[in-house]
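Student: To be precise about what I am sending: the file is called target_9.txt and holds compact mmCIF, N, CA and C atoms.
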```
# COMPACT_ATOMS: atom_id res chain seq x y z
N MET A 1 -35.51 -19.26 21.06
CA MET A 1 -36.88 -19.12 21.52
C MET A 1 -37.87 -19.27 20.36
N LYS A 2 -37.51 -18.70 19.19
CA LYS A 2 -38.39 -18.83 18.03
C LYS A 2 -38.55 -20.28 17.61
N ILE A 3 -37.47 -21.05 17.72
CA ILE A 3 -37.51 -22.46 17.34
C ILE A 3 -38.48 -23.21 18.24
N ILE A 4 -38.43 -22.93 19.52
CA ILE A 4 -39.33 -23.61 20.47
C ILE A 4 -40.77 -23.27 20.16
N LYS A 5 -41.07 -22.00 19.90
CA LYS A 5 -42.44 -21.59 19.57
C LYS A 5 -42.91 -22.25 18.27
N THR A 6 -42.01 -22.32 17.29
CA THR A 6 -42.35 -22.96 16.03
C THR A 6 -42.63 -24.45 16.22
N LEU A 7 -41.81 -25.11 17.03
CA LEU A 7 -42.03 -26.53 17.31
C LEU A 7 -43.35 -26.76 18.02
N ILE A 8 -43.67 -25.91 18.99
CA ILE A 8 -44.94 -26.03 19.73
C ILE A 8 -46.11 -25.83 18.78
N LEU A 9 -46.03 -24.82 17.91
CA LEU A 9 -47.10 -24.57 16.95
C LEU A 9 -47.25 -25.75 15.99
N GLY A 10 -46.12 -26.25 15.48
CA GLY A 10 -46.18 -27.40 14.56
C GLY A 10 -46.77 -28.63 15.23
N PHE A 11 -46.38 -28.88 16.47
CA PHE A 11 -46.92 -30.02 17.21
C PHE A 11 -48.41 -29.86 17.45
N SER A 12 -48.85 -28.64 17.77
CA SER A 12 -50.27 -28.38 17.99
C SER A 12 -51.08 -28.64 16.73
N ILE A 13 -50.57 -28.16 15.60
CA ILE A 13 -51.26 -28.39 14.33
C ILE A 13 -51.29 -29.88 14.01
N PHE A 14 -50.17 -30.57 14.23
CA PHE A 14 -50.08 -32.00 13.98
C PHE A 14 -51.09 -32.77 14.82
N CYS A 15 -51.22 -32.43 16.09
CA CYS A 15 -52.11 -33.15 17.00
C CYS A 15 -53.58 -32.82 16.77
N CYS A 16 -53.84 -31.70 16.17
CA CYS A 16 -55.23 -31.26 16.02
C CYS A 16 -55.74 -31.41 14.59
N SER A 17 -55.10 -32.21 13.79
CA SER A 17 -55.59 -32.46 12.44
C SER A 17 -56.97 -33.11 12.54
N THR A 18 -57.84 -32.74 11.64
CA THR A 18 -59.20 -33.27 11.70
C THR A 18 -59.66 -33.76 10.34
N ALA A 19 -60.65 -34.62 10.35
CA ALA A 19 -61.31 -35.09 9.14
C ALA A 19 -62.79 -35.20 9.44
N PHE A 20 -63.60 -35.21 8.40
CA PHE A 20 -65.03 -35.27 8.58
C PHE A 20 -65.60 -36.56 8.02
N ALA A 21 -66.65 -37.05 8.66
CA ALA A 21 -67.33 -38.24 8.17
C ALA A 21 -68.82 -37.94 8.11
N GLN A 22 -69.49 -38.61 7.23
CA GLN A 22 -70.92 -38.43 7.13
C GLN A 22 -71.60 -39.74 7.48
N GLU A 23 -72.53 -39.66 8.41
CA GLU A 23 -73.33 -40.82 8.80
C GLU A 23 -74.79 -40.37 8.72
N GLY A 24 -75.47 -40.75 7.65
CA GLY A 24 -76.82 -40.26 7.45
C GLY A 24 -76.76 -38.75 7.23
N ASP A 25 -77.51 -38.01 8.04
CA ASP A 25 -77.50 -36.55 7.94
C ASP A 25 -76.55 -35.91 8.94
N ASN A 26 -75.91 -36.70 9.79
CA ASN A 26 -75.02 -36.16 10.82
C ASN A 26 -73.58 -36.18 10.34
N PHE A 27 -72.86 -35.11 10.61
CA PHE A 27 -71.44 -35.06 10.29
C PHE A 27 -70.64 -35.37 11.54
N VAL A 28 -69.61 -36.17 11.38
CA VAL A 28 -68.74 -36.52 12.49
C VAL A 28 -67.39 -35.89 12.22
N LYS A 29 -66.87 -35.17 13.18
CA LYS A 29 -65.55 -34.55 13.05
C LYS A 29 -64.58 -35.41 13.84
N LEU A 30 -63.51 -35.85 13.17
CA LEU A 30 -62.55 -36.77 13.75
C LEU A 30 -61.20 -36.08 13.91
N ARG A 31 -60.62 -36.18 15.11
CA ARG A 31 -59.27 -35.67 15.36
C ARG A 31 -58.33 -36.87 15.36
N HIS A 32 -57.16 -36.69 14.76
CA HIS A 32 -56.23 -37.81 14.66
C HIS A 32 -54.80 -37.34 14.84
N GLY A 33 -53.92 -38.29 15.14
CA GLY A 33 -52.50 -38.00 15.32
C GLY A 33 -51.64 -38.72 14.31
N LEU A 34 -51.98 -38.61 13.03
CA LEU A 34 -51.20 -39.28 11.99
C LEU A 34 -49.94 -38.50 11.66
N PRO A 35 -48.88 -39.19 11.20
CA PRO A 35 -47.68 -38.48 10.75
C PRO A 35 -48.00 -37.59 9.55
N ASN A 36 -47.16 -36.59 9.30
CA ASN A 36 -47.40 -35.62 8.23
C ASN A 36 -47.44 -36.23 6.84
N VAL A 37 -46.85 -37.40 6.63
CA VAL A 37 -46.84 -38.02 5.30
C VAL A 37 -48.18 -38.67 4.97
N LEU A 38 -49.08 -38.76 5.94
CA LEU A 38 -50.39 -39.36 5.73
C LEU A 38 -51.48 -38.33 5.97
N LYS A 39 -52.52 -38.36 5.13
CA LYS A 39 -53.61 -37.40 5.26
C LYS A 39 -54.94 -38.15 5.17
N VAL A 40 -55.82 -37.94 6.15
CA VAL A 40 -57.14 -38.57 6.13
C VAL A 40 -58.00 -37.84 5.11
N THR A 41 -58.59 -38.60 4.18
CA THR A 41 -59.43 -38.00 3.15
C THR A 41 -60.91 -38.30 3.36
N ASN A 42 -61.21 -39.39 4.05
CA ASN A 42 -62.62 -39.75 4.27
C ASN A 42 -62.71 -40.67 5.48
N VAL A 43 -63.85 -40.63 6.14
CA VAL A 43 -64.12 -41.49 7.29
C VAL A 43 -65.54 -42.01 7.14
N ARG A 44 -65.74 -43.28 7.39
CA ARG A 44 -67.08 -43.86 7.38
C ARG A 44 -67.37 -44.44 8.75
N VAL A 45 -68.50 -44.07 9.30
CA VAL A 45 -68.91 -44.55 10.62
C VAL A 45 -69.81 -45.76 10.44
N TYR A 46 -69.43 -46.89 11.04
CA TYR A 46 -70.23 -48.11 10.94
C TYR A 46 -71.19 -48.25 12.11
N SER A 47 -70.74 -47.90 13.29
CA SER A 47 -71.63 -47.93 14.45
C SER A 47 -71.23 -46.79 15.36
N ASP A 48 -72.23 -46.22 15.99
CA ASP A 48 -71.99 -45.07 16.84
C ASP A 48 -72.91 -45.16 18.04
N SER A 49 -72.32 -45.26 19.21
CA SER A 49 -73.10 -45.29 20.45
C SER A 49 -72.52 -44.23 21.37
N PRO A 50 -73.16 -43.96 22.49
CA PRO A 50 -72.63 -42.95 23.40
C PRO A 50 -71.23 -43.29 23.93
N ALA A 51 -70.88 -44.58 23.97
CA ALA A 51 -69.59 -44.99 24.55
C ALA A 51 -68.51 -45.27 23.52
N SER A 52 -68.89 -45.63 22.27
CA SER A 52 -67.87 -46.00 21.29
C SER A 52 -68.36 -45.76 19.87
N ALA A 53 -67.38 -45.72 18.94
CA ALA A 53 -67.68 -45.59 17.52
C ALA A 53 -66.75 -46.52 16.75
N GLU A 54 -67.29 -47.20 15.75
CA GLU A 54 -66.50 -48.05 14.87
C GLU A 54 -66.43 -47.37 13.51
N ILE A 55 -65.20 -47.16 13.01
CA ILE A 55 -65.01 -46.38 11.80
C ILE A 55 -64.04 -47.06 10.83
N SER A 56 -64.16 -46.67 9.56
CA SER A 56 -63.16 -46.98 8.55
C SER A 56 -62.58 -45.66 8.09
N ILE A 57 -61.28 -45.65 7.79
CA ILE A 57 -60.60 -44.42 7.44
C ILE A 57 -59.91 -44.58 6.09
N TRP A 58 -60.07 -43.59 5.21
CA TRP A 58 -59.36 -43.54 3.94
C TRP A 58 -58.21 -42.55 4.09
N ILE A 59 -57.00 -43.00 3.74
CA ILE A 59 -55.80 -42.21 3.95
C ILE A 59 -55.06 -42.04 2.62
N ASP A 60 -54.64 -40.81 2.36
CA ASP A 60 -53.82 -40.51 1.18
C ASP A 60 -52.36 -40.45 1.62
N VAL A 61 -51.50 -41.19 0.93
CA VAL A 61 -50.07 -41.15 1.21
C VAL A 61 -49.49 -40.02 0.37
N LYS A 62 -49.05 -38.94 1.03
CA LYS A 62 -48.58 -37.76 0.32
C LYS A 62 -47.30 -38.03 -0.46
N ASN A 63 -46.39 -38.78 0.15
CA ASN A 63 -45.09 -39.00 -0.48
C ASN A 63 -44.63 -40.41 -0.14
N GLY A 64 -44.53 -41.27 -1.14
CA GLY A 64 -44.05 -42.63 -0.89
C GLY A 64 -45.08 -43.68 -1.25
N LYS A 65 -44.70 -44.90 -0.98
CA LYS A 65 -45.55 -46.07 -1.27
C LYS A 65 -45.66 -46.92 -0.02
N ILE A 66 -46.82 -47.56 0.14
CA ILE A 66 -47.06 -48.44 1.28
C ILE A 66 -46.28 -49.74 1.06
N VAL A 67 -45.48 -50.13 2.04
CA VAL A 67 -44.78 -51.41 2.02
C VAL A 67 -45.62 -52.44 2.74
N SER A 68 -46.10 -52.08 3.93
CA SER A 68 -46.94 -53.00 4.69
C SER A 68 -47.76 -52.25 5.72
N VAL A 69 -48.88 -52.87 6.10
CA VAL A 69 -49.74 -52.37 7.16
C VAL A 69 -50.12 -53.56 8.02
N SER A 70 -49.93 -53.45 9.31
CA SER A 70 -50.34 -54.53 10.20
C SER A 70 -51.00 -53.93 11.43
N ARG A 71 -51.73 -54.77 12.11
CA ARG A 71 -52.49 -54.32 13.26
C ARG A 71 -52.04 -55.08 14.49
N GLY A 72 -51.69 -54.33 15.53
CA GLY A 72 -51.34 -54.92 16.82
C GLY A 72 -52.50 -54.73 17.77
N GLN A 73 -52.24 -54.80 19.03
CA GLN A 73 -53.28 -54.59 20.03
C GLN A 73 -53.49 -53.09 20.22
N GLY A 74 -54.45 -52.54 19.50
CA GLY A 74 -54.76 -51.13 19.61
C GLY A 74 -53.83 -50.22 18.82
N ASP A 75 -52.91 -50.78 18.04
CA ASP A 75 -51.98 -49.99 17.24
C ASP A 75 -51.99 -50.47 15.79
N TRP A 76 -51.72 -49.56 14.89
CA TRP A 76 -51.51 -49.88 13.48
C TRP A 76 -50.06 -49.57 13.16
N ILE A 77 -49.38 -50.49 12.50
CA ILE A 77 -47.98 -50.31 12.13
C ILE A 77 -47.94 -50.14 10.61
N ILE A 78 -47.53 -48.96 10.18
CA ILE A 78 -47.56 -48.60 8.76
C ILE A 78 -46.12 -48.38 8.30
N THR A 79 -45.71 -49.12 7.27
CA THR A 79 -44.36 -49.00 6.73
C THR A 79 -44.44 -48.39 5.33
N LEU A 80 -43.67 -47.30 5.12
CA LEU A 80 -43.66 -46.59 3.85
C LEU A 80 -42.26 -46.61 3.25
N ARG A 81 -42.20 -46.62 1.91
CA ARG A 81 -40.92 -46.48 1.20
C ARG A 81 -40.96 -45.15 0.46
N THR A 82 -39.96 -44.30 0.75
CA THR A 82 -39.86 -43.00 0.10
C THR A 82 -38.44 -42.82 -0.41
N HIS A 83 -38.29 -42.72 -1.72
CA HIS A 83 -36.98 -42.51 -2.35
C HIS A 83 -35.95 -43.52 -1.85
N GLY A 84 -36.33 -44.78 -1.78
CA GLY A 84 -35.41 -45.83 -1.36
C GLY A 84 -35.23 -45.97 0.14
N GLN A 85 -35.83 -45.08 0.91
CA GLN A 85 -35.73 -45.13 2.37
C GLN A 85 -37.03 -45.68 2.94
N VAL A 86 -36.91 -46.58 3.91
CA VAL A 86 -38.09 -47.19 4.52
C VAL A 86 -38.31 -46.58 5.91
N SER A 87 -39.55 -46.17 6.18
CA SER A 87 -39.91 -45.60 7.48
C SER A 87 -41.11 -46.35 8.02
N THR A 88 -41.10 -46.60 9.32
CA THR A 88 -42.21 -47.29 9.98
C THR A 88 -42.83 -46.37 11.00
N TYR A 89 -44.17 -46.31 10.98
CA TYR A 89 -44.92 -45.46 11.90
C TYR A 89 -45.86 -46.33 12.70
N VAL A 90 -45.96 -46.07 13.99
CA VAL A 90 -46.92 -46.75 14.86
C VAL A 90 -48.00 -45.74 15.20
N VAL A 91 -49.24 -46.05 14.83
CA VAL A 91 -50.37 -45.15 15.07
C VAL A 91 -51.33 -45.86 16.01
N SER A 92 -51.56 -45.27 17.16
CA SER A 92 -52.46 -45.85 18.14
C SER A 92 -53.90 -45.51 17.82
N GLU A 93 -54.80 -46.47 18.02
CA GLU A 93 -56.22 -46.19 17.84
C GLU A 93 -56.68 -45.12 18.83
N LYS A 94 -55.99 -45.01 19.97
CA LYS A 94 -56.34 -44.00 20.97
C LYS A 94 -56.07 -42.59 20.47
N SER A 95 -55.26 -42.45 19.40
CA SER A 95 -54.99 -41.11 18.86
C SER A 95 -56.15 -40.59 18.02
N PHE A 96 -57.14 -41.42 17.73
CA PHE A 96 -58.32 -41.01 16.98
C PHE A 96 -59.44 -40.70 17.96
N LYS A 97 -59.97 -39.49 17.90
CA LYS A 97 -61.03 -39.05 18.80
C LYS A 97 -62.12 -38.35 18.00
N VAL A 98 -63.37 -38.52 18.43
CA VAL A 98 -64.48 -37.78 17.85
C VAL A 98 -64.52 -36.44 18.57
N VAL A 99 -64.40 -35.35 17.80
CA VAL A 99 -64.35 -34.01 18.39
C VAL A 99 -65.65 -33.73 19.14
N GLY A 100 -65.51 -33.27 20.36
CA GLY A 100 -66.65 -32.98 21.21
C GLY A 100 -67.09 -34.17 22.03
N GLN A 101 -66.55 -35.35 21.72
CA GLN A 101 -66.89 -36.58 22.44
C GLN A 101 -65.61 -37.36 22.70
N GLU A 102 -64.61 -36.69 23.24
CA GLU A 102 -63.28 -37.29 23.40
C GLU A 102 -63.27 -38.49 24.33
N SER A 103 -64.28 -38.62 25.20
CA SER A 103 -64.32 -39.78 26.10
C SER A 103 -64.81 -41.04 25.38
N LYS A 104 -65.35 -40.87 24.18
CA LYS A 104 -65.86 -42.01 23.41
C LYS A 104 -64.69 -42.81 22.83
N ALA A 105 -64.72 -44.12 23.02
CA ALA A 105 -63.67 -44.98 22.46
C ALA A 105 -63.90 -45.14 20.96
N VAL A 106 -62.82 -45.06 20.19
CA VAL A 106 -62.89 -45.21 18.74
C VAL A 106 -62.15 -46.49 18.37
N SER A 107 -62.82 -47.37 17.64
CA SER A 107 -62.14 -48.55 17.11
C SER A 107 -62.15 -48.46 15.59
N ILE A 108 -61.02 -48.81 14.99
CA ILE A 108 -60.87 -48.69 13.55
C ILE A 108 -61.17 -50.05 12.92
N ARG A 109 -62.16 -50.08 12.07
CA ARG A 109 -62.54 -51.31 11.37
C ARG A 109 -61.56 -51.62 10.26
N ALA A 110 -61.13 -50.58 9.52
CA ALA A 110 -60.20 -50.77 8.42
C ALA A 110 -59.54 -49.46 8.04
N LEU A 111 -58.31 -49.55 7.51
CA LEU A 111 -57.63 -48.43 6.90
C LEU A 111 -57.53 -48.69 5.41
N HIS A 112 -57.85 -47.68 4.60
CA HIS A 112 -57.78 -47.80 3.15
C HIS A 112 -56.78 -46.74 2.67
N PHE A 113 -55.84 -47.13 1.82
CA PHE A 113 -54.79 -46.21 1.39
C PHE A 113 -54.87 -45.93 -0.10
N SER A 114 -54.54 -44.69 -0.47
CA SER A 114 -54.29 -44.33 -1.87
C SER A 114 -52.94 -43.64 -1.89
N GLU A 115 -52.13 -43.97 -2.87
CA GLU A 115 -50.78 -43.44 -2.94
C GLU A 115 -50.72 -42.30 -3.93
N GLY A 116 -50.07 -41.19 -3.51
CA GLY A 116 -50.01 -40.00 -4.34
C GLY A 116 -48.75 -39.87 -5.12
```
Please lay out the structure from this file as structure tokens.
Tutor:
Amino acid sequence: MKIIKTLILGFSIFCCSTAFAQEGDNFVKLRHGLPNVLKVTNVRVYSDSPASAEISIWIDVKNGKIVSVSRGQGDWIITLRTHGQVSTYVVSEKSFKVVGQESKAVSIRALHFSEG
């Protein structure tokens, strides 16, 4: 039972990770569903309307190096190498939401990575 509660708590924290962006004097709070090896450090809003937002995201790679990043239809495919092991993550643009405006569509203009 403790394991199930721990998994639920971990999943909740994972799904509710947030980052902040500054657009003029307004702060934008962004919720994302990135894997634990990636951390959002900055967000820049390029356009913001009641229905959609276009953003760029800066991501810190906690452990490993970027092998490749590609973009599919609404998905980003990120491949990392960690200690000789290669892992691929698929991150949907739909997993990024503006907090308080979850019905707003978010499109990602670019992902920028720094390796730790």
Student: So which one's closest to His112 (chain A), A:Asn63, A:Ser56, A:Gln73, A:Gln85? Using only N, CA and C atoms, please.
Tutor: A:Ser56
Student: Between CA of Ala53 (chain A) and CA of Ser92 (chain A), what is the distance, to one decimal in Å?
Tutor: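 Distance between the two atoms: 15.2 Å.
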Student: With the cut-off set at 8 Å and counting all atoms listed in the file, tabulate each residue of region 55-89 of chain A with an atom at most that distance from an atom of region 30-42 of chain A, showing the nearest atom pair and its distance in Å to one decimal, ordered by chain and increasing number, as JSON lines.
Tutor:
```
{"residue": "A:Ser56", "atom": "C", "partner": "A:Asn42", "partner_atom": "C", "distance": 5.6}
{"residue": "A:Ile57", "atom": "CA", "partner": "A:Asn42", "partner_atom": "C", "distance": 4.7}
{"residue": "A:Trp58", "atom": "N", "partner": "A:Asn42", "partner_atom": "C", "distance": 3.9}
{"residue": "A:Ile59", "atom": "CA", "partner": "A:Lys39", "partner_atom": "C", "distance": 4.3}
{"residue": "A:Asp60", "atom": "N", "partner": "A:Lys39", "partner_atom": "C", "distance": 3.9}
{"residue": "A:Val61", "atom": "CA", "partner": "A:Leu38", "partner_atom": "CA", "distance": 4.9}
{"residue": "A:Lys62", "atom": "N", "partner": "A:Val37", "partner_atom": "C", "distance": 4.0}
{"residue": "A:Asn63", "atom": "N", "partner": "A:Val37", "partner_atom": "C", "distance": 5.1}
{"residue": "A:Gly64", "atom": "N", "partner": "A:Val37", "partner_atom": "CA", "distance": 7.6}
{"residue": "A:Tyr89", "atom": "CA", "partner": "A:Pro35", "partner_atom": "N", "distance": 7.4}
```
Student: Keeping only N, CA and C atoms, write the selected residues to a file as a JSON list (two decimals), in the coordinates of the input.
Tutor:
```
[["chain", "number", "residue", "atom", "x", "y", "z"],
["A", 56, "SER", "N", -64.16, -46.67, 9.56],
["A", 56, "SER", "CA", -63.16, -46.98, 8.55],
["A", 56, "SER", "C", -62.58, -45.66, 8.09],
["A", 57, "ILE", "N", -61.28, -45.65, 7.79],
["A", 57, "ILE", "CA", -60.60, -44.42, 7.44],
["A", 57, "ILE", "C", -59.91, -44.58, 6.09],
["A", 58, "TRP", "N", -60.07, -43.59, 5.21],
["A", 58, "TRP", "CA", -59.36, -43.54, 3.94],
["A", 58, "TRP", "C", -58.21, -42.55, 4.09],
["A", 59, "ILE", "N", -57.00, -43.00, 3.74],
["A", 59, "ILE", "CA", -55.80, -42.21, 3.95],
["A", 59, "ILE", "C", -55.06, -42.04, 2.62],
["A", 60, "ASP", "N", -54.64, -40.81, 2.36],
["A", 60, "ASP", "CA", -53.82, -40.51, 1.18],
["A", 60, "ASP", "C", -52.36, -40.45, 1.62],
["A", 61, "VAL", "N", -51.50, -41.19, 0.93],
["A", 61, "VAL", "CA", -50.07, -41.15, 1.21],
["A", 61, "VAL", "C", -49.49, -40.02, 0.37],
["A", 62, "LYS", "N", -49.05, -38.94, 1.03],
["A", 62, "LYS", "CA", -48.58, -37.76, 0.32],
["A", 62, "LYS", "C", -47.30, -38.03, -0.46],
["A", 63, "ASN", "N", -46.39, -38.78, 0.15],
["A", 63, "ASN", "CA", -45.09, -39.00, -0.48],
["A", 63, "ASN", "C", -44.63, -40.41, -0.14],
["A", 64, "GLY", "N", -44.53, -41.27, -1.14],
["A", 64, "GLY", "CA", -44.05, -42.63, -0.89],
["A", 64, "GLY", "C", -45.08, -43.68, -1.25],
["A", 89, "TYR", "N", -44.17, -46.31, 10.98],
["A", 89, "TYR", "CA", -44.92, -45.46, 11.90],
["A", 89, "TYR", "C", -45.86, -46.33, 12.70]]
```
Student: Nearest to Lys94 (chain A): which of A:Gly74, A:Val43, A:Phe113, A:Leu80 is it, counting only N, CA and C atoms?
Tutor: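 For Lys94 (chain A), the nearest of the given residues is A:Gly74.
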Student: Could you give me, as a ChimeraX atom specification, the residues that sit within 6 Å of (-60.9, -49.9, 11.6) in the file's coordinates, counting all atoms listed in the file?
Tutor: /A:55-57,107-111
Student: Please measure the separation of atom C of Val69 (chain A) and atom C of Ser114 (chain A), giving the value in Å to one decimal.
Tutor: 14.3 Å
Student: Calculate how many Å separate atom C of Val90 (chain A) from atom C of Ile77 (chain A), rounding to one decimal.
Tutor: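 Separation between atom C of Val90 (chain A) and atom C of Ile77 (chain A): 6.4 Å.
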Student: Write out as a VMD selection string which residues come within 7 Å of Pro50 (chain A) when counting only N, CA and C atoms, dropping same-chain ones fewer than 3 positions away.
Tutor: chain A and resid 53 103 to 105
Student: Store the residues picked out above in a file with N, CA and C atoms, as a tab-separated table (two decimals), in the frame of the given file.
Tutor:
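Saved file again35.tsv follows:
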```
chain	number	residue	atom	x	y	z
A	53	ALA	N	-67.38	-45.72	18.94
A	53	ALA	CA	-67.68	-45.59	17.52
A	53	ALA	C	-66.75	-46.52	16.75
A	103	SER	N	-64.28	-38.62	25.20
A	103	SER	CA	-64.32	-39.78	26.10
A	103	SER	C	-64.81	-41.04	25.38
A	104	LYS	N	-65.35	-40.87	24.18
A	104	LYS	CA	-65.86	-42.01	23.41
A	104	LYS	C	-64.69	-42.81	22.83
A	105	ALA	N	-64.72	-44.12	23.02
A	105	ALA	CA	-63.67	-44.98	22.46
A	105	ALA	C	-63.90	-45.14	20.96
```
Student: So that I can check the surroundings of Thr79 (chain A), please list as a list in words every protein, DNA and RNA residue that reaches within 5 Å of it, counting all atoms listed in the file and ignoring chain neighbours fewer than 5 positions away.
Tutor: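 Skipping anything fewer than 5 positions along the chain leaves Ile66, Val67, Ser68, Ser87, Thr88 and Tyr89 of chain A.
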Student: Have a look at A:Arg44, A:Lys97, A:Lys65, A:Lys29 and name the one nearest to Arg81 (chain A); count only N, CA and C atoms.
Tutor: A:Lys65
Student: Tell me, as a PDB file with N, CA and C atoms, in the coordinates of the input, which residues lie within 6 Å of Glu93 (chain A), counting only N, CA and C atoms; anything in the same chain fewer than 3 positions away does not count.
Tutor:
```
ATOM      1  N   GLY A  74     -54.450 -52.540  19.500  1.00  0.00           N
ATOM      2  CA  GLY A  74     -54.760 -51.130  19.610  1.00  0.00           C
ATOM      3  C   GLY A  74     -53.830 -50.220  18.820  1.00  0.00           C
ATOM      4  N   ASP A  75     -52.910 -50.780  18.040  1.00  0.00           N
ATOM      5  CA  ASP A  75     -51.980 -49.990  17.240  1.00  0.00           C
ATOM      6  C   ASP A  75     -51.990 -50.470  15.790  1.00  0.00           C
ATOM      7  N   TRP A  76     -51.720 -49.560  14.890  1.00  0.00           N
ATOM      8  CA  TRP A  76     -51.510 -49.880  13.480  1.00  0.00           C
ATOM      9  C   TRP A  76     -50.060 -49.570  13.160  1.00  0.00           C
ATOM     10  N   PHE A  96     -57.140 -41.420  17.730  1.00  0.00           N
ATOM     11  CA  PHE A  96     -58.320 -41.010  16.980  1.00  0.00           C
ATOM     12  C   PHE A  96     -59.440 -40.700  17.960  1.00  0.00           C
ATOM     13  N   VAL A 106     -62.820 -45.060  20.190  1.00  0.00           N
ATOM     14  CA  VAL A 106     -62.890 -45.210  18.740  1.00  0.00           C
ATOM     15  C   VAL A 106     -62.150 -46.490  18.370  1.00  0.00           C
TER      16      VAL A 106
END
```
